[in-house]
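Each remark here refers to the structure printed beneath this line.
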Amino acid sequence: MARKVQRPTPAADDLVVLQPHRVLPLGDRSVTVRELGFFESLQLHGAIAALVGDLVEQTDDGNIDLARLHRVCAQHPEATIALLAQTSDQPVEWVRSLPGVQGDLLLLTFWAVNADFFLQRVIAALELRRADPATTGPASSPP
């Protein structure tokens, strides 16, 4: 006799991978925060590079806590606002006008959705730094 096989329900982490966007209420709007796309990352390279560069300086193991994230975003407010506006499909001026609590919620949601994107770049930069002969010691003498 045949029996019906139940399809397993996806785990919470699987759902995040399948649907990495998050919807949150901000003021009178319902805002969807989504992952940065490849083309968007090219358009926003300067903003991304600014944040990644300072995130690299804040860690030696790729661990970025919220205090470090806030410190880096505060050092690059224009880059942060541009990224928040782009990933939430909202005007820059609207993002600028958010009250503190709502701005924090948007930033933390942005990080929850896009942390892997940034951490891949931070870890790659840390690995390059470790592999750089200038930081690992003198090169061997020529043959």
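Ordering of the structure tokens sets the chain letters (A, B, ...); residue numbers start at 1 within each chain; ligands are numbered from 1 in the order shown.
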At a cut-off of 10 Å, using only C-alpha atoms, what residues contact Thr59 (chain A)? Leave out same-chain residues fewer than 5 positions from it and give the result as a ChimeraX atom specification. /A:54,64-65,68,122-123,126
Same residues, C-alpha atoms, saved as a short mmCIF file (atom, residue, chain, number, x, y, z; two decimals), in the first residue's frame:
```cif
data_model
loop_
_atom_site.label_atom_id
_atom_site.label_comp_id
_atom_site.auth_asym_id
_atom_site.auth_seq_id
_atom_site.Cartn_x
_atom_site.Cartn_y
_atom_site.Cartn_z
CA ASP A 54 35.61 50.67 8.40
CA ILE A 64 30.49 42.75 14.04
CA ASP A 65 28.34 43.56 17.05
CA ARG A 68 30.55 48.42 15.99
CA VAL A 122 34.75 41.95 5.45
CA ILE A 123 36.06 38.39 5.78
CA LEU A 126 40.64 40.26 6.40
#
```
Spatial neighbours of Leu84 (chain A), max dist 12 Å, only C-alpha atoms, sep filter under 3 positions, as a PyMOL selection string: chain A and resi 31-36+44+47-48+73+77-81+87-96+98+103-111+113-114
Output N, CA and C atoms for every residue in that selection, as a compact mmCIF listing (two decimals), in the first residue's frame.
```
# COMPACT_ATOMS: atom_id res chain seq x y z
N VAL A 31 7.01 49.03 5.12
CA VAL A 31 8.24 49.08 4.33
C VAL A 31 8.84 47.68 4.22
N THR A 32 9.21 47.31 3.01
CA THR A 32 9.89 46.04 2.78
C THR A 32 11.38 46.33 2.62
N VAL A 33 12.17 45.70 3.46
CA VAL A 33 13.63 45.82 3.37
C VAL A 33 14.12 44.55 2.70
N ARG A 34 14.90 44.70 1.64
CA ARG A 34 15.33 43.55 0.86
C ARG A 34 16.84 43.50 0.71
N GLU A 35 17.29 42.39 0.22
CA GLU A 35 18.72 42.21 -0.03
C GLU A 35 19.19 43.12 -1.16
N LEU A 36 20.42 43.54 -1.05
CA LEU A 36 21.04 44.26 -2.16
C LEU A 36 21.24 43.30 -3.31
N LEU A 44 26.15 51.20 -5.97
CA LEU A 44 26.40 51.75 -4.64
C LEU A 44 27.78 51.35 -4.12
N ALA A 47 29.46 53.61 -1.41
CA ALA A 47 28.84 53.52 -0.08
C ALA A 47 29.18 52.19 0.59
N ILE A 48 29.13 51.13 -0.18
CA ILE A 48 29.43 49.81 0.36
C ILE A 48 30.90 49.74 0.78
N CYS A 73 28.36 53.14 10.91
CA CYS A 73 27.28 53.87 10.22
C CYS A 73 27.31 55.35 10.59
N PRO A 77 27.33 58.55 7.49
CA PRO A 77 25.87 58.71 7.46
C PRO A 77 25.28 58.77 6.05
N GLU A 78 25.96 59.42 5.13
CA GLU A 78 25.41 59.52 3.77
C GLU A 78 25.38 58.16 3.09
N ALA A 79 26.42 57.37 3.27
CA ALA A 79 26.45 56.02 2.70
C ALA A 79 25.36 55.15 3.33
N THR A 80 25.21 55.28 4.63
CA THR A 80 24.20 54.49 5.34
C THR A 80 22.80 54.86 4.86
N ILE A 81 22.52 56.14 4.75
CA ILE A 81 21.20 56.58 4.30
C ILE A 81 20.93 56.13 2.88
N THR A 87 17.56 49.87 -0.28
CA THR A 87 17.05 48.53 0.06
C THR A 87 15.62 48.55 0.58
N SER A 88 15.11 49.73 0.90
CA SER A 88 13.72 49.82 1.34
C SER A 88 12.83 50.49 0.27
N ASP A 89 13.44 50.83 -0.87
CA ASP A 89 12.71 51.49 -1.96
C ASP A 89 11.96 52.74 -1.48
N GLN A 90 12.66 53.52 -0.65
CA GLN A 90 12.08 54.75 -0.11
C GLN A 90 12.99 55.92 -0.50
N PRO A 91 12.43 57.12 -0.58
CA PRO A 91 13.25 58.29 -0.89
C PRO A 91 14.26 58.58 0.24
N VAL A 92 15.40 59.08 -0.16
CA VAL A 92 16.45 59.44 0.81
C VAL A 92 15.90 60.41 1.85
N GLU A 93 15.15 61.40 1.41
CA GLU A 93 14.61 62.39 2.36
C GLU A 93 13.68 61.76 3.38
N TRP A 94 12.94 60.76 2.98
CA TRP A 94 12.06 60.06 3.92
C TRP A 94 12.90 59.35 4.98
N VAL A 95 13.97 58.68 4.55
CA VAL A 95 14.86 57.97 5.50
C VAL A 95 15.47 58.98 6.46
N ARG A 96 15.91 60.13 5.95
CA ARG A 96 16.49 61.18 6.81
C ARG A 96 15.50 61.69 7.85
N LEU A 98 13.18 60.06 9.47
CA LEU A 98 12.69 59.09 10.45
C LEU A 98 13.09 59.48 11.87
N GLY A 103 14.37 54.91 12.79
CA GLY A 103 15.64 54.80 12.07
C GLY A 103 16.45 53.61 12.54
N ASP A 104 16.49 53.41 13.85
CA ASP A 104 17.20 52.24 14.40
C ASP A 104 16.58 50.94 13.92
N LEU A 105 15.25 50.89 13.91
CA LEU A 105 14.56 49.68 13.44
C LEU A 105 14.88 49.41 11.98
N LEU A 106 14.89 50.46 11.16
CA LEU A 106 15.23 50.29 9.75
C LEU A 106 16.67 49.82 9.60
N LEU A 107 17.60 50.42 10.33
CA LEU A 107 19.00 50.02 10.26
C LEU A 107 19.19 48.57 10.70
N LEU A 108 18.58 48.19 11.81
CA LEU A 108 18.74 46.82 12.30
C LEU A 108 18.11 45.80 11.35
N THR A 109 17.00 46.17 10.74
CA THR A 109 16.36 45.29 9.76
C THR A 109 17.23 45.18 8.51
N PHE A 110 17.78 46.30 8.07
CA PHE A 110 18.71 46.29 6.94
C PHE A 110 19.88 45.34 7.23
N TRP A 111 20.43 45.42 8.43
CA TRP A 111 21.57 44.58 8.78
C TRP A 111 21.15 43.11 8.84
N VAL A 113 18.92 41.64 7.11
CA VAL A 113 18.71 41.16 5.75
C VAL A 113 20.02 41.12 4.95
N ASN A 114 20.92 42.06 5.19
CA ASN A 114 22.11 42.22 4.35
C ASN A 114 23.44 41.91 5.04
```
Using only C-alpha atoms, which residues sit within 8 Å of Val72 (chain A) once same-chain residues fewer than 2 positions away are excluded, as an NGL selection string? :A and (51 or 54-55 or 68-70 or 74-76)
